[in-house]
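One file, model35.pdb, is given below (PDB, C-alpha atoms).
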```pdb
ATOM      1  CA  MET A  12       0.921  -6.134 -18.278
ATOM      2  CA  ALA A  13      -0.868  -6.122 -14.918
ATOM      3  CA  PRO A  14      -1.783  -9.547 -13.530
ATOM      4  CA  LEU A  15      -5.352 -10.626 -14.159
ATOM      5  CA  LEU A  16      -7.475 -10.786 -11.030
ATOM      6  CA  SER A  17      -9.655 -13.797 -10.412
ATOM      7  CA  LEU A  18     -13.357 -13.190  -9.903
ATOM      8  CA  ALA A  19     -12.989 -15.103  -6.631
ATOM      9  CA  ASP A  20     -10.683 -12.339  -5.364
ATOM     10  CA  ARG A  21     -13.654  -9.946  -5.483
ATOM     11  CA  ILE A  22     -15.735 -12.098  -3.112
ATOM     12  CA  LEU A  23     -15.366 -12.145   0.673
ATOM     13  CA  ARG A  24     -17.112 -13.768   3.612
ATOM     14  CA  ILE A  25     -17.445 -11.971   6.968
ATOM     15  CA  ARG A  26     -19.168 -14.062   9.627
ATOM     16  CA  VAL A  27     -18.970 -15.131  13.256
ATOM     17  CA  ASP A  28     -16.936 -18.306  13.481
ATOM     18  CA  PRO A  29     -19.042 -20.943  15.322
ATOM     19  CA  HIS A  30     -15.991 -22.555  16.939
ATOM     20  CA  SER A  31     -14.106 -19.510  18.251
ATOM     21  CA  ASP A  32     -16.961 -16.965  18.347
ATOM     22  CA  GLU A  33     -14.611 -14.554  16.538
ATOM     23  CA  VAL A  34     -15.713 -12.319  13.677
ATOM     24  CA  ILE A  35     -13.631 -13.633  10.771
ATOM     25  CA  ALA A  36     -13.209 -12.372   7.209
ATOM     26  CA  ARG A  37     -11.986 -14.694   4.468
ATOM     27  CA  GLY A  38     -11.165 -14.152   0.813
ATOM     28  CA  GLY A  39     -10.337 -11.053  -1.187
ATOM     29  CA  ASP A  40      -7.185  -9.635  -2.750
ATOM     30  CA  HIS A  41      -4.557  -7.253  -1.358
ATOM     31  CA  GLU A  42      -6.829  -4.229  -1.788
ATOM     32  CA  ALA A  43      -9.609  -5.967   0.161
ATOM     33  CA  HIS A  44      -7.147  -6.941   2.886
ATOM     34  CA  SER A  45      -6.030  -3.319   3.162
ATOM     35  CA  ILE A  46      -9.654  -2.200   3.560
ATOM     36  CA  LEU A  47     -10.210  -4.846   6.245
ATOM     37  CA  GLN A  48      -7.166  -3.662   8.191
ATOM     38  CA  ARG A  49      -8.312  -0.040   7.972
ATOM     39  CA  SER A  50     -11.693  -1.191   9.280
ATOM     40  CA  GLY A  51     -10.077  -2.633  12.411
ATOM     41  CA  PHE A  52      -9.393  -6.261  11.419
ATOM     42  CA  VAL A  53      -6.160  -8.082  12.292
ATOM     43  CA  PRO A  54      -4.447 -10.283   9.645
ATOM     44  CA  VAL A  55      -3.678 -13.874  10.614
ATOM     45  CA  VAL A  56      -1.255 -15.919   8.502
ATOM     46  CA  ARG A  57      -0.768 -19.623   9.195
ATOM     47  CA  LEU A  58       0.925 -22.409   7.260
ATOM     48  CA  HIS A  59      -2.220 -23.416   5.369
ATOM     49  CA  ASP A  60      -4.584 -20.581   6.206
ATOM     50  CA  HIS A  61      -4.891 -16.821   5.832
ATOM     51  CA  TYR A  62      -7.747 -14.711   7.156
ATOM     52  CA  HIS A  63      -8.599 -11.575   9.136
ATOM     53  CA  ARG A  64     -10.272 -11.323  12.532
ATOM     54  CA  LEU A  65     -11.484  -8.536  14.780
ATOM     55  CA  PRO A  66      -9.340  -7.692  17.834
ATOM     56  CA  THR A  67      -9.979  -9.616  21.014
ATOM     57  CA  GLY A  68     -11.912  -8.223  23.967
ATOM     58  CA  LEU A  69     -14.457  -6.144  22.025
ATOM     59  CA  GLU A  70     -18.048  -5.676  23.122
ATOM     60  CA  LYS A  71     -20.650  -7.239  20.844
ATOM     61  CA  ASN A  72     -21.964  -3.893  19.608
ATOM     62  CA  GLU A  73     -18.424  -2.782  18.742
ATOM     63  CA  GLU A  74     -17.862  -5.974  16.745
ATOM     64  CA  VAL A  75     -21.056  -5.293  14.802
ATOM     65  CA  ARG A  76     -19.997  -1.682  14.168
ATOM     66  CA  LEU A  77     -16.555  -2.626  12.842
ATOM     67  CA  ALA A  78     -17.853  -5.519  10.727
ATOM     68  CA  SER A  79     -20.605  -3.319   9.265
ATOM     69  CA  ARG A  80     -18.051  -0.650   8.441
ATOM     70  CA  ALA A  81     -15.924  -3.218   6.611
ATOM     71  CA  VAL A  82     -18.935  -4.449   4.624
ATOM     72  CA  ALA A  83     -19.807  -0.874   3.614
ATOM     73  CA  ARG A  84     -16.257  -0.029   2.542
ATOM     74  CA  LEU A  85     -15.788  -3.248   0.583
ATOM     75  CA  SER A  86     -19.152  -2.914  -1.140
ATOM     76  CA  ALA A  87     -18.378   0.690  -2.090
ATOM     77  CA  VAL A  88     -15.494  -0.451  -4.323
ATOM     78  CA  GLY A  89     -17.277  -3.392  -5.919
ATOM     79  CA  TYR A  90     -16.588  -6.398  -3.682
ATOM     80  CA  ARG A  91     -19.308  -8.951  -3.054
ATOM     81  CA  VAL A  92     -19.516  -9.667   0.668
ATOM     82  CA  ASP A  93     -21.330 -12.647   2.163
ATOM     83  CA  HIS A  94     -21.964 -11.606   5.759
ATOM     84  CA  ASP A  95     -24.104 -12.185   8.827
ATOM     85  CA  PRO A  96     -27.366 -10.196   8.617
ATOM     86  CA  SER A  97     -26.356  -8.093  11.620
ATOM     87  CA  PHE A  98     -23.316  -6.836   9.660
ATOM     88  CA  ALA A  99     -25.388  -5.208   6.910
ATOM     89  CA  ALA A 100     -24.126  -1.750   6.009
ATOM     90  CA  THR A 101     -26.418   0.982   7.341
ATOM     91  CA  ALA A 102     -24.993   3.683   5.041
ATOM     92  CA  PRO A 103     -22.464   3.810   2.181
ATOM     93  CA  ILE A 104     -18.930   4.867   3.087
ATOM     94  CA  PRO A 105     -16.936   6.652   0.350
ATOM     95  CA  HIS A 106     -13.583   5.142  -0.485
ATOM     96  CA  ASP A 107     -11.121   8.019  -0.164
ATOM     97  CA  LEU A 108      -7.604   7.853  -1.550
ATOM     98  CA  THR A 109      -5.413   6.528   1.274
ATOM     99  CA  LEU A 110      -2.075   8.002   2.284
ATOM    100  CA  GLY A 111      -0.362   4.860   0.986
ATOM    101  CA  ALA A 112      -2.062   5.218  -2.394
ATOM    102  CA  GLN A 113      -0.968   8.859  -2.578
ATOM    103  CA  VAL A 114       2.633   7.831  -1.899
ATOM    104  CA  ASN A 115       2.329   5.048  -4.476
ATOM    105  CA  ASN A 116       1.461   7.710  -7.054
ATOM    106  CA  LEU A 117       5.053   8.880  -6.677
ATOM    107  CA  ALA A 118       6.180   5.520  -8.086
ATOM    108  CA  ARG A 119       3.879   6.053 -11.073
ATOM    109  CA  ARG A 120       5.432   9.483 -11.638
ATOM    110  CA  ILE A 121       8.919   7.936 -11.689
ATOM    111  CA  ARG A 122       7.827   5.225 -14.138
ATOM    112  CA  GLU A 123       6.451   7.916 -16.460
ATOM    113  CA  ALA A 124       9.232  10.492 -15.965
ATOM    114  CA  GLU A 125      10.937  11.710 -19.137
ATOM    115  CA  ASP A 126      14.008  13.301 -17.533
ATOM    116  CA  SER A 127      16.137  13.329 -14.404
ATOM    117  CA  GLU A 128      14.593  16.568 -13.090
ATOM    118  CA  GLU A 129      11.178  14.918 -12.816
ATOM    119  CA  VAL A 130      12.608  12.018 -10.818
ATOM    120  CA  ALA A 131      14.568  14.411  -8.608
ATOM    121  CA  ASP A 132      11.320  16.234  -7.831
ATOM    122  CA  VAL A 133       9.687  12.956  -6.760
ATOM    123  CA  LEU A 134      12.640  11.911  -4.598
ATOM    124  CA  THR A 135      12.535  15.355  -2.964
ATOM    125  CA  GLU A 136       9.095  14.433  -1.610
ATOM    126  CA  LEU A 137      10.760  11.435   0.062
ATOM    127  CA  THR A 138      13.835  13.159   1.439
ATOM    128  CA  ALA A 139      12.889  16.778   2.228
ATOM    129  CA  ALA A 140      14.530  17.587   5.557
ATOM    130  CA  HIS A 141      11.569  19.184   7.323
ATOM    131  CA  ASP A 142       8.472  17.400   6.003
ATOM    132  CA  GLY A 143       9.603  14.665   3.601
ATOM    133  CA  ILE A 144       7.872  11.291   3.665
ATOM    134  CA  LEU A 145      10.824   9.424   5.191
ATOM    135  CA  THR A 146      11.209  12.114   7.871
ATOM    136  CA  ALA A 147       7.513  11.821   8.707
ATOM    137  CA  VAL A 148       7.673   8.026   8.917
ATOM    138  CA  GLY A 149      10.656   8.361  11.243
ATOM    139  CA  GLU A 150       8.626  10.679  13.476
ATOM    140  CA  VAL A 151       5.854   8.082  13.636
ATOM    141  CA  LEU A 152       8.287   5.344  14.660
ATOM    142  CA  THR A 153      10.022   7.455  17.277
ATOM    143  CA  ALA A 154       6.717   8.253  18.964
ATOM    144  CA  ALA A 155       7.555   5.147  21.006
ATOM    145  CA  ASP A 156       6.843   6.514  24.471
ATOM    146  CA  PHE A 157       3.373   5.046  24.115
ATOM    147  CA  HIS A 158       4.869   1.537  24.256
ATOM    148  CA  GLN A 159       7.463   2.570  26.804
ATOM    149  CA  ASP A 160       4.855   3.327  29.457
ATOM    150  CA  LEU A 161       2.247   0.594  28.897
ATOM    151  CA  GLY A 162       3.532  -1.436  31.827
ATOM    152  CA  GLN A 163       4.143  -4.896  30.298
ATOM    153  CA  PRO A 164       7.671  -6.389  30.579
ATOM    154  CA  ALA A 165       8.147  -6.515  26.790
ATOM    155  CA  ASP A 166       6.905  -2.978  26.130
ATOM    156  CA  PRO A 167      10.327  -1.252  26.506
ATOM    157  CA  HIS A 168      11.705  -3.757  23.982
ATOM    158  CA  TYR A 169       9.041  -2.787  21.433
ATOM    159  CA  ALA A 170       9.717   0.903  22.036
ATOM    160  CA  ASN A 171      13.458   0.451  21.535
ATOM    161  CA  ARG A 172      12.854  -1.610  18.417
ATOM    162  CA  LEU A 173      10.768   1.161  16.872
ATOM    163  CA  ARG A 174      13.479   3.691  17.679
ATOM    164  CA  TYR A 175      16.064   1.406  16.060
ATOM    165  CA  LEU A 176      13.969   1.141  12.890
ATOM    166  CA  ALA A 177      13.593   4.925  12.838
ATOM    167  CA  GLY A 178      17.388   5.198  12.910
ATOM    168  CA  ARG A 179      17.646   2.870   9.915
ATOM    169  CA  LEU A 180      15.192   5.128   8.079
ATOM    170  CA  GLY A 181      17.574   8.020   8.619
ATOM    171  CA  ALA A 182      20.338   6.108   6.826
ATOM    172  CA  ILE A 183      17.976   5.272   3.955
ATOM    173  CA  ALA A 184      16.920   8.923   3.666
ATOM    174  CA  LEU A 185      20.573  10.010   3.498
ATOM    175  CA  GLU A 186      21.350   7.576   0.676
ATOM    176  CA  VAL A 187      18.218   8.383  -1.324
ATOM    177  CA  SER A 188      18.954  12.086  -0.872
ATOM    178  CA  GLY A 189      22.371  11.537  -2.469
ATOM    179  CA  THR A 190      20.703   9.904  -5.473
ATOM    180  CA  ARG A 191      18.220  12.782  -5.669
ATOM    181  CA  ASN A 192      21.031  15.357  -5.653
ATOM    182  CA  ASP A 193      22.907  13.486  -8.387
ATOM    183  CA  LEU A 194      19.818  13.419 -10.614
ATOM    184  CA  ALA A 195      19.160  17.121  -9.995
ATOM    185  CA  ASP A 196      22.609  17.919 -11.474
ATOM    186  CA  ARG A 197      22.452  15.614 -14.501
ATOM    187  CA  HIS A 198      19.718  17.193 -16.663
ATOM    188  CA  ALA A 199      19.423  13.954 -18.610
ATOM    189  CA  ALA A 200      16.476  12.795 -20.697
ATOM    190  CA  HIS A 201      15.430   9.157 -20.408
ATOM    191  CA  PRO A 202      16.311   7.470 -23.735
ATOM    192  CA  HIS A 203      13.119   5.413 -23.872
ATOM    193  CA  ARG A 204      10.649   8.056 -22.655
ATOM    194  CA  THR A 205      11.186  11.084 -24.856
ATOM    195  CA  PRO A 206       8.007  12.389 -26.504
ATOM    196  CA  CYS A 207       7.187  10.554 -29.722
ATOM    197  CA  PRO A 208       7.496  12.868 -32.764
ATOM    198  CA  ARG A 209       4.908  10.824 -34.680
ATOM    199  CA  GLU A 210       7.036  11.311 -37.774
ATOM    200  CA  VAL A 211       8.619   8.908 -40.246
ATOM    201  CA  ALA A 212      12.176   9.482 -41.443
ATOM    202  CA  PRO A 213      12.327  10.912 -44.986
ATOM    203  CA  ILE A 214      14.565   8.044 -46.123
ATOM    204  CA  GLU A 215      11.973   5.429 -45.043
ATOM    205  CA  HIS A 216      10.222   3.734 -47.989
ATOM    206  CA  GLU A 217       8.048   1.186 -46.185
ATOM    207  CA  ALA A 218       4.430   2.373 -46.140
ATOM    208  CA  SER A 219       3.691   0.420 -42.956
ATOM    209  CA  VAL A 220       6.152   2.422 -40.839
ATOM    210  CA  VAL A 221       4.337   4.914 -38.595
ATOM    211  CA  CYS A 222       6.753   5.657 -35.745
ATOM    212  CA  PRO A 223      10.535   5.398 -35.331
ATOM    213  CA  CYS A 224      10.413   5.156 -31.530
ATOM    214  CA  PRO A 225      11.679   1.945 -29.880
ATOM    215  CA  PRO A 226       9.046  -0.152 -28.114
ATOM    216  CA  ALA A 227       8.479   0.699 -24.460
ATOM    217  CA  LEU A 228      10.163  -1.545 -21.941
ATOM    218  CA  PRO A 229       7.791  -3.734 -19.880
ATOM    219  CA  PRO A 230       7.371  -2.656 -16.228
ATOM    220  CA  ALA A 231       9.410  -4.545 -13.653
ATOM    221  CA  PRO A 232       7.396  -7.135 -11.716
ATOM    222  CA  ARG A 233       6.300  -5.993  -8.263
ATOM    223  CA  PRO A 234       6.712  -8.398  -5.297
ATOM    224  CA  PRO A 235       3.488  -9.343  -3.468
ATOM    225  CA  ALA A 236       2.772  -7.451  -0.232
ATOM    226  CA  SER A 237       3.249  -9.455   2.930
ATOM    227  CA  ALA A 238       0.760  -9.515   5.774
ATOM    228  CA  SER A 239       1.634  -9.425   9.435
ATOM    229  CA  THR A 240       0.676 -12.321  11.599
ATOM    230  CA  GLY A 241      -1.954 -11.660  14.236
ATOM    231  CA  ARG A 242      -2.317 -13.531  17.496
ATOM    232  CA  ARG A 243      -5.381 -15.571  18.293
ATOM    233  CA  ARG A 244      -7.146 -15.519  21.588
TER     234      ARG A 244
END
```
Output the file's structure in the form of structure tokens.
Amino acid sequence: MAPLLSLADRILRIRVDPHSDEVIARGGDHEAHSILQRSGFVPVVRLHDHYHRLPTGLEKNEEVRLASRAVARLSAVGYRVDHDPSFAATAPIPHDLTLGAQVNNLARRIREAEDSEEVADVLTELTAAHDGILTAVGEVLTAADFHQDLGQPADPHYANRLRYLAGRLGAIALEVSGTRNDLADRHAAHPHRTPCPREVAPIEHEASVVCPCPPALPPAPRPPASASTGRRR
């Protein structure tokens, strides 16, 4: 069973902080936080506080534009947003399916798969040599020359770190590919996910029996997503 969401998680506040003069967003659940980040906000996690702020060094009109965009996107999917009047959305912004949500659909396909071939097909999307998801993520991480040439002393370190992480992805892709190949050869049906025949055995005498299938196993709990810590001015 999916966890119940509190009504408070559907309410956010986006206002200019009177002490720091930063545009700060508070409240919301993980989906709201994802929308804030895609609208340009930076997550800040402290020992007893968690919020989002706009990047430093922005012009006032750019702050208004980004905050207004966040209000429009949040409102489009049903969040209530308490905001400064200048952040009012000027036009609705449709909430398109994100790349992350599309990838997450692969997990749903695995949870619903009835045989090993279906799971192998999903894992192929992860591990395909030319344009698989893990290969594409590795390409993103290895595009580290941007950091390499920014000119700050720590920038080469960040570039090398991204290249290192890309190398780790290669090892993960190799291992997952082995699992995919094993499943492709097995041709095995999942014992708890075969189609229900909707029939009662002829030897069954109890009138209340309607289906011989075992009850479905509950889904494994999913760990909460972590947010990166942003730096304050």
Evaluating the PyMOL selection byres ((chain A and resi 111) around 12) on the displayed file yields which residues, as a PyMOL selection string?
-> chain A and resi 42+45-46+49+107-110+112-118+144+148
Tell me which protein, DNA and RNA residues are within 9 Å of A:His106, counting only C-alpha atoms, leaving out same-chain ones fewer than 5 positions away, and put them as a list in words.
-> Arg84, Leu85, Ala87 and Val88 of chain A
The distance between atom CA of A:Ser79 and atom CA of A:Ile22 is 15.9 Å
Using the chain letters and numbers from the file, which residues does the PyMOL selection byres ((chain A and resi 28) around 12) grab, as a PyMOL selection string?
-> chain A and resi 24-27+29-37+62-65+94-95
To test the calculation: enclose all listed atoms of stretch 37-48 of chain A in a box whose edges run along x, y and z, add 6 Å on each side, then state centre and edge lengths in Å to one decimal, as AutoDock Vina command-line options.
```
--center_x -8.3 --center_y -8.4 --center_z 2.7 --size_x 19.4 --size_y 24.5 --size_z 22.9
```
Selection result of the PyMOL selection byres ((chain A and resi 151) around 12) on this file, as a list in words |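 Matching residues under the PyMOL selection byres ((chain A and resi 151) around 12) are Ile144, Leu145, Thr146, Ala147, Val148, Gly149, Glu150, Leu152, Thr153, Ala154, Ala155, Asp156, Phe157, Ala170, Leu173, Arg174, Leu176, Ala177, Gly178 and Leu180 of chain A.
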List as a Markdown table every residue of stretch 111-144 of chain A that is in contact with stretch 187-198 of chain A, defined as an atom at most 9 Å from one of its atoms (using only C-alpha atoms), together with the nearest atom pair and the distance in Å rounded to one decimal, sorted by chain and then rising number.
```
| residue | atom | partner | partner_atom | distance |
| --- | --- | --- | --- | --- |
| A:Asp126 | CA | A:His198 | CA | 7.0 |
| A:Ser127 | CA | A:Leu194 | CA | 5.3 |
| A:Glu128 | CA | A:Ala195 | CA | 5.5 |
| A:Glu129 | CA | A:Ala195 | CA | 8.7 |
| A:Val130 | CA | A:Leu194 | CA | 7.3 |
| A:Ala131 | CA | A:Arg191 | CA | 5.0 |
| A:Asp132 | CA | A:Arg191 | CA | 8.0 |
| A:Val133 | CA | A:Arg191 | CA | 8.6 |
| A:Leu134 | CA | A:Arg191 | CA | 5.7 |
| A:Thr135 | CA | A:Arg191 | CA | 6.8 |
| A:Leu137 | CA | A:Val187 | CA | 8.2 |
| A:Thr138 | CA | A:Ser188 | CA | 5.7 |
| A:Ala139 | CA | A:Ser188 | CA | 8.3 |
```
Compare A:His201, A:Arg91, A:His59, A:His44 by their minimum atom-to-atom distance to A:Leu23, counting all atoms listed in the file, and give me the closest one.
->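 Answer, going by the shortest atom-to-atom distance: A:Arg91.
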Expressed in Å to a single decimal, how great is the separation between atom CA of A:Ser86 and atom CA of A:Asn72?
-> 21.0 Å
Would you mind reading off the distance between atom CA of A:Pro66 and atom CA of A:Val53, one decimal, in Å?
->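 Between these atoms lies a distance of 6.4 Å.
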A:Ala199, A:Val56, A:Leu47, A:Ala102: which is nearest A:Ala81, counting only C-alpha atoms?
->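 Checking each candidate against A:Ala81, we get A:Leu47 as the closest.
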Go through A:Pro167, A:Arg80, A:Pro202, A:Glu186 and flag the residue nearest A:Val92, using only C-alpha atoms for the distances.
-> A:Arg80
